[in-house]
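K.L.:
query.cif is reproduced in full below (mmCIF, C-alpha atoms and all ligand atoms).
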data_upload
#
loop_
_atom_site.group_PDB
_atom_site.id
_atom_site.type_symbol
_atom_site.label_atom_id
_atom_site.label_comp_id
_atom_site.auth_asym_id
_atom_site.auth_seq_id
_atom_site.Cartn_x
_atom_site.Cartn_y
_atom_site.Cartn_z
ATOM 1 C CA MET A 1 -281.134 188.236 31.277
ATOM 2 C CA SER A 2 -281.959 191.559 29.647
ATOM 3 C CA GLU A 3 -284.767 193.781 30.881
ATOM 4 C CA LEU A 4 -286.736 193.253 27.677
ATOM 5 C CA ILE A 5 -286.558 189.470 27.898
ATOM 6 C CA ALA A 6 -287.417 189.509 31.603
ATOM 7 C CA ALA A 7 -290.442 191.724 30.924
ATOM 8 C CA ALA A 8 -291.575 189.396 28.122
ATOM 9 C CA ARG A 9 -291.139 186.317 30.292
ATOM 10 C CA ASP A 10 -293.049 187.941 33.146
ATOM 11 C CA LEU A 11 -295.938 189.010 30.925
ATOM 12 C CA ALA A 12 -296.191 185.527 29.416
ATOM 13 C CA GLY A 13 -296.288 184.066 32.913
ATOM 14 C CA GLU A 14 -298.925 186.524 34.045
ATOM 15 C CA LEU A 15 -301.196 185.945 31.034
ATOM 16 C CA LEU A 16 -300.685 182.240 30.317
ATOM 17 C CA GLY A 17 -300.045 181.045 33.857
ATOM 18 C CA VAL A 18 -296.610 179.770 34.811
ATOM 19 C CA GLY A 19 -296.506 176.017 34.266
ATOM 20 C CA SER A 20 -299.537 175.868 31.938
ATOM 21 C CA GLU A 21 -299.174 173.933 28.694
ATOM 22 C CA ARG A 22 -299.044 177.160 26.653
ATOM 23 C CA TRP A 23 -296.520 178.689 29.024
ATOM 24 C CA CYS A 24 -294.341 175.564 28.774
ATOM 25 C CA HIS A 25 -294.534 175.794 24.978
ATOM 26 C CA SER A 26 -293.562 179.478 25.109
ATOM 27 C CA ALA A 27 -290.677 178.754 27.495
ATOM 28 C CA GLY A 28 -289.525 176.006 25.112
ATOM 29 C CA VAL A 29 -289.728 178.347 22.126
ATOM 30 C CA ALA A 30 -287.749 180.988 24.057
ATOM 31 C CA GLU A 31 -285.084 178.416 24.882
ATOM 32 C CA ARG A 32 -284.991 177.308 21.263
ATOM 33 C CA ALA A 33 -284.799 180.949 20.123
ATOM 34 C CA GLN A 34 -281.781 181.411 22.357
ATOM 35 C CA GLU A 35 -280.085 178.558 20.496
ATOM 36 C CA LEU A 36 -280.918 180.180 17.155
ATOM 37 C CA THR A 37 -279.468 183.592 17.940
ATOM 38 C CA GLY A 38 -276.530 182.799 15.620
ATOM 39 C CA ALA A 39 -278.988 183.022 12.726
ATOM 40 C CA VAL A 40 -279.911 186.669 13.397
ATOM 41 C CA PRO A 41 -277.926 189.925 13.550
ATOM 42 C CA ALA A 42 -276.533 190.718 16.999
ATOM 43 C CA ASP A 43 -278.868 193.697 17.422
ATOM 44 C CA ASP A 44 -281.942 191.469 16.996
ATOM 45 C CA ARG A 45 -281.043 188.629 19.353
ATOM 46 C CA GLU A 46 -282.696 190.065 22.420
ATOM 47 C CA LEU A 47 -285.843 190.826 20.449
ATOM 48 C CA LEU A 48 -285.947 187.258 19.130
ATOM 49 C CA VAL A 49 -286.007 185.735 22.605
ATOM 50 C CA ALA A 50 -288.492 188.314 23.927
ATOM 51 C CA ALA A 51 -290.851 187.697 20.983
ATOM 52 C CA ALA A 52 -290.547 183.945 21.530
ATOM 53 C CA TRP A 53 -291.816 184.380 25.088
ATOM 54 C CA LEU A 54 -294.687 186.544 23.846
ATOM 55 C CA HIS A 55 -295.716 184.933 20.561
ATOM 56 C CA ASP A 56 -298.690 182.966 21.929
ATOM 57 C CA ILE A 57 -299.991 185.307 24.646
ATOM 58 C CA GLY A 58 -303.015 185.934 22.413
ATOM 59 C CA TYR A 59 -304.353 182.590 23.666
ATOM 60 C CA ALA A 60 -304.797 184.127 27.125
ATOM 61 C CA PRO A 61 -308.519 184.509 27.947
ATOM 62 C CA GLU A 62 -307.787 188.057 29.098
ATOM 63 C CA LEU A 63 -306.627 189.066 25.604
ATOM 64 C CA ARG A 64 -309.236 187.194 23.591
ATOM 65 C CA GLU A 65 -311.015 189.542 21.174
ATOM 66 C CA THR A 66 -311.105 188.004 17.698
ATOM 67 C CA GLY A 67 -310.146 184.458 18.693
ATOM 68 C CA PHE A 68 -307.164 184.663 16.310
ATOM 69 C CA HIS A 69 -304.254 184.481 18.698
ATOM 70 C CA PRO A 70 -301.539 186.270 16.669
ATOM 71 C CA LEU A 71 -303.808 189.307 16.301
ATOM 72 C CA ASP A 72 -305.140 189.201 19.865
ATOM 73 C CA GLY A 73 -301.587 188.915 21.160
ATOM 74 C CA ALA A 74 -300.352 191.838 19.080
ATOM 75 C CA ASP A 75 -303.326 193.968 20.146
ATOM 76 C CA GLY A 76 -302.681 193.095 23.797
ATOM 77 C CA LEU A 77 -299.058 194.143 23.464
ATOM 78 C CA ARG A 78 -299.961 197.350 21.678
ATOM 79 C CA ALA A 79 -302.444 198.201 24.441
ATOM 80 C CA ARG A 80 -299.586 197.714 26.910
ATOM 81 C CA GLU A 81 -297.387 200.020 24.811
ATOM 82 C CA TRP A 82 -294.837 197.445 23.717
ATOM 83 C CA GLU A 83 -292.680 198.608 20.843
ATOM 84 C CA PRO A 84 -294.295 198.243 17.381
ATOM 85 C CA ARG A 85 -291.695 195.770 16.146
ATOM 86 C CA VAL A 86 -292.472 193.324 18.964
ATOM 87 C CA CYS A 87 -296.213 193.663 18.285
ATOM 88 C CA ALA A 88 -295.637 192.970 14.580
ATOM 89 C CA LEU A 89 -293.441 189.932 15.265
ATOM 90 C CA VAL A 90 -296.259 188.424 17.315
ATOM 91 C CA ALA A 91 -298.910 189.432 14.752
ATOM 92 C CA TYR A 92 -297.188 187.649 11.864
ATOM 93 C CA HIS A 93 -295.411 184.724 13.513
ATOM 94 C CA SER A 94 -295.493 181.317 11.819
ATOM 95 C CA GLY A 95 -297.287 182.434 8.678
ATOM 96 C CA ALA A 96 -300.226 184.030 10.507
ATOM 97 C CA ARG A 97 -301.098 186.082 7.462
ATOM 98 C CA PHE A 98 -302.236 182.994 5.547
ATOM 99 C CA VAL A 99 -304.664 182.024 8.288
ATOM 100 C CA ALA A 100 -305.757 185.649 8.783
ATOM 101 C CA GLU A 101 -306.694 185.837 5.120
ATOM 102 C CA ASP A 102 -308.773 182.660 5.384
ATOM 103 C CA ARG A 103 -310.526 184.030 8.475
ATOM 104 C CA GLY A 104 -311.205 187.450 6.942
ATOM 105 C CA LEU A 105 -308.881 189.164 9.421
ATOM 106 C CA LEU A 106 -306.218 190.463 7.051
ATOM 107 C CA PRO A 107 -307.401 194.105 7.312
ATOM 108 C CA GLU A 108 -307.024 193.954 11.121
ATOM 109 C CA LEU A 109 -303.645 192.217 10.893
ATOM 110 C CA SER A 110 -302.476 194.793 8.360
ATOM 111 C CA ARG A 111 -302.474 197.448 11.084
ATOM 112 C CA TYR A 112 -299.073 195.924 11.852
ATOM 113 C CA SER A 113 -296.139 196.130 9.426
ATOM 114 C CA GLU A 114 -294.968 192.730 8.321
ATOM 115 C CA GLU A 115 -291.234 192.213 8.496
ATOM 116 C CA GLU A 116 -289.434 189.464 6.609
ATOM 117 C CA SER A 117 -285.946 189.041 7.982
ATOM 118 C CA PRO A 118 -283.593 186.589 9.671
ATOM 119 C CA LEU A 119 -285.324 187.615 12.917
ATOM 120 C CA THR A 120 -288.832 186.682 11.758
ATOM 121 C CA ASP A 121 -287.477 183.479 10.205
ATOM 122 C CA ALA A 122 -285.799 182.444 13.453
ATOM 123 C CA LEU A 123 -288.929 183.161 15.514
ATOM 124 C CA THR A 124 -291.068 181.043 13.224
ATOM 125 C CA TYR A 125 -288.490 178.258 13.067
ATOM 126 C CA ALA A 126 -288.278 178.179 16.864
ATOM 127 C CA ASP A 127 -292.085 177.940 17.094
ATOM 128 C CA GLN A 128 -292.153 175.229 14.434
ATOM 129 C CA THR A 129 -289.635 173.017 16.222
ATOM 130 C CA VAL A 130 -291.252 173.079 19.684
ATOM 131 C CA GLY A 131 -294.581 171.388 20.235
ATOM 132 C CA PRO A 132 -297.339 171.677 22.833
ATOM 133 C CA GLY A 133 -295.980 171.612 26.360
ATOM 134 C CA GLY A 134 -292.502 172.580 25.149
ATOM 135 C CA ARG A 135 -291.616 169.269 23.528
ATOM 136 C CA ARG A 136 -288.762 169.461 21.018
ATOM 137 C CA MET A 137 -289.901 168.263 17.619
ATOM 138 C CA THR A 138 -288.482 168.144 14.145
ATOM 139 C CA PHE A 139 -289.935 170.712 11.782
ATOM 140 C CA ASP A 140 -291.711 168.013 9.734
ATOM 141 C CA ASP A 141 -293.231 166.343 12.817
ATOM 142 C CA ARG A 142 -294.381 169.678 14.205
ATOM 143 C CA VAL A 143 -296.204 170.625 10.997
ATOM 144 C CA ALA A 144 -297.828 167.174 10.772
ATOM 145 C CA ASP A 145 -298.858 167.349 14.450
ATOM 146 C CA MET A 146 -300.331 170.828 13.973
ATOM 147 C CA LEU A 147 -302.472 169.642 11.052
ATOM 148 C CA ARG A 148 -303.631 166.598 13.044
ATOM 149 C CA ARG A 149 -304.575 168.673 16.107
ATOM 150 C CA HIS A 150 -306.357 171.437 14.204
ATOM 151 C CA GLY A 151 -308.329 169.035 12.015
ATOM 152 C CA SER A 152 -308.824 168.712 8.283
ATOM 153 C CA ASP A 153 -311.497 171.428 8.050
ATOM 154 C CA SER A 154 -309.525 174.017 10.079
ATOM 155 C CA PRO A 155 -308.215 177.292 8.643
ATOM 156 C CA ASN A 156 -304.693 175.904 9.220
ATOM 157 C CA ALA A 157 -305.473 172.912 7.014
ATOM 158 C CA ARG A 158 -307.233 175.031 4.374
ATOM 159 C CA VAL A 159 -304.233 177.318 3.913
ATOM 160 C CA HIS A 160 -301.607 174.608 4.211
ATOM 161 C CA ALA A 161 -301.006 174.371 0.462
ATOM 162 C CA ARG A 162 -299.627 177.913 0.627
ATOM 163 C CA ARG A 163 -298.440 178.149 4.220
ATOM 164 C CA GLY A 164 -296.602 174.794 4.201
ATOM 165 C CA PRO A 165 -294.077 175.783 1.503
ATOM 166 C CA TYR A 166 -293.693 179.213 3.150
ATOM 167 C CA LEU A 167 -292.748 177.552 6.454
ATOM 168 C CA ALA A 168 -290.462 175.018 4.745
ATOM 169 C CA ALA A 169 -288.589 177.835 2.980
ATOM 170 C CA ILE A 170 -288.084 179.543 6.352
ATOM 171 C CA ALA A 171 -286.702 176.321 7.838
ATOM 172 C CA ASP A 172 -284.261 176.011 4.920
ATOM 173 C CA ARG A 173 -283.088 179.607 5.330
ATOM 174 C CA VAL A 174 -282.525 179.289 9.080
ATOM 175 C CA ARG A 175 -280.606 176.017 8.672
ATOM 176 C CA ALA A 176 -278.466 177.597 5.961
ATOM 177 C CA ARG A 177 -277.700 180.585 8.199
ATOM 178 C CA LEU A 178 -276.645 178.278 10.988
ATOM 179 C CA GLY A 179 -274.577 176.209 8.598
ATOM 180 C CA CYS A 180 -276.029 173.001 9.966
ATOM 181 C CA ILE A 181 -279.177 170.982 10.321
ATOM 182 C CA LEU A 182 -280.919 171.328 13.683
HETATM 183 FE FE FE B 1 -296.357 178.807 19.379
#
What do you get writing this file as structure tokens?
Ligand SMILES: [Fe+2]

P.N.:
Amino acid sequence: MSELIAAARDLAGELLGVGSERWCHSAGVAERAQELTGAVPADDRELLVAAAWLHDIGYAPELRETGFHPLDGADGLRAREWEPRVCALVAYHSGARFVAEDRGLLPELSRYSEEESPLTDALTYADQTVGPGGRRMTFDDRVADMLRRHGSDSPNARVHARRGPYLAAIADRVRARLGCIL
């Protein structure tokens, strides 16, 4: 395991608690990301797995500032001097910008540069095919489960008309890059 991935795994464990439901989800997403490395350029593969470990650290009570976990996670990483690209991957994972807009947090999120690439697609696809506790799920089941858990009046539900097609397009691109349906 590379130093970057080990550092990401260790920080996730420290902040989320090894064995917690969020940690198990993150470990599952990291494992999934490892399987998706064929969908990203070789130079980005390490970053993909590291970002998968880190993507939900903003849920850690220690990092809670705005209550919007992609932003709190990115801010926590920036405070710990992680490289800007890792911070931005966490800030924008899984269509965070749609929810940030609904919550009035787009100006804060915009401190990070949004990247749209095979790397960001693979990170989001990994997150959208692993459920709470690290359970493997199909993309469609994961999205439906997310909407059920967050509730019909949640920001996630409010932005779903725009975020849903955005996520589905990512899933299509990743599957096409892999040349198969996972
Ligand atoms: Fe996640």

K.L.:
Please expand the PyMOL selection byres (((chain A and resi 105) around 12) and not hetatm) into the concrete residues it hits in this file, giving the result as a PyMOL selection string.

P.N.:
chain A and resi 65-72+91+96-104+106-111+155

K.L.:
Assuming the chain letters and numbering stay as they are in my file, what does the PyMOL selection byres (((not hetatm)) within 9 of (chain B and resi 1)) actually select? List them as a list in words.

P.N.:
Arg22, His25, Ser26, Val29, Ala52, His55, Asp56, His93, Ser94, Thr124, Ala126, Asp127, Gln128, Val130, Gly131 and Pro132 of chain A

K.L.:
Mind giving me the straight-line distance from atom CA of Ile5 of chain A to atom CA of Cys24 of chain A in Å, one decimal?

P.N.:
16.0 Å

K.L.:
How many Å lie between atom CA of Glu21 of chain A and atom CA of Val90 of chain A, rounded to one decimal?

P.N.:
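We find that atom CA of Glu21 of chain A and atom CA of Val90 of chain A lie 18.7 Å from each other.
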
K.L.:
The PyMOL selection byres (((chain A and resi 166) around 12) and not hetatm) - which residues does that actually catch in the file I just gave you? List them as a PyMOL selection string.

P.N.:
chain A and resi 93-98+116+121+124-125+143+159-165+167-173

K.L.:
If you measure from atom CA of Gly38 of chain A to atom CA of Phe139 of chain A, what distance in Å do you get, rounded to one decimal?

P.N.:
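Answer for the atom CA of Gly38 of chain A to atom CA of Phe139 of chain A separation: 18.5 Å.
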
K.L.:
So for segment 43-56 of chain A, what box centre and size do we get, axis-aligned, 8 Å extra on each of the six sides, every listed atom, Å to one decimal, as JSON?

P.N.:
{"center_x": -288.8, "center_y": 188.3, "center_z": 21.0, "size_x": 35.8, "size_y": 26.7, "size_z": 24.1}

K.L.:
Choose the residue, out of A:Ser20, A:Val174, A:Tyr112, A:Leu123, that has the smallest atom-to-atom separation from Pro84 of chain A; count only C-alpha atoms.

P.N.:
A:Tyr112
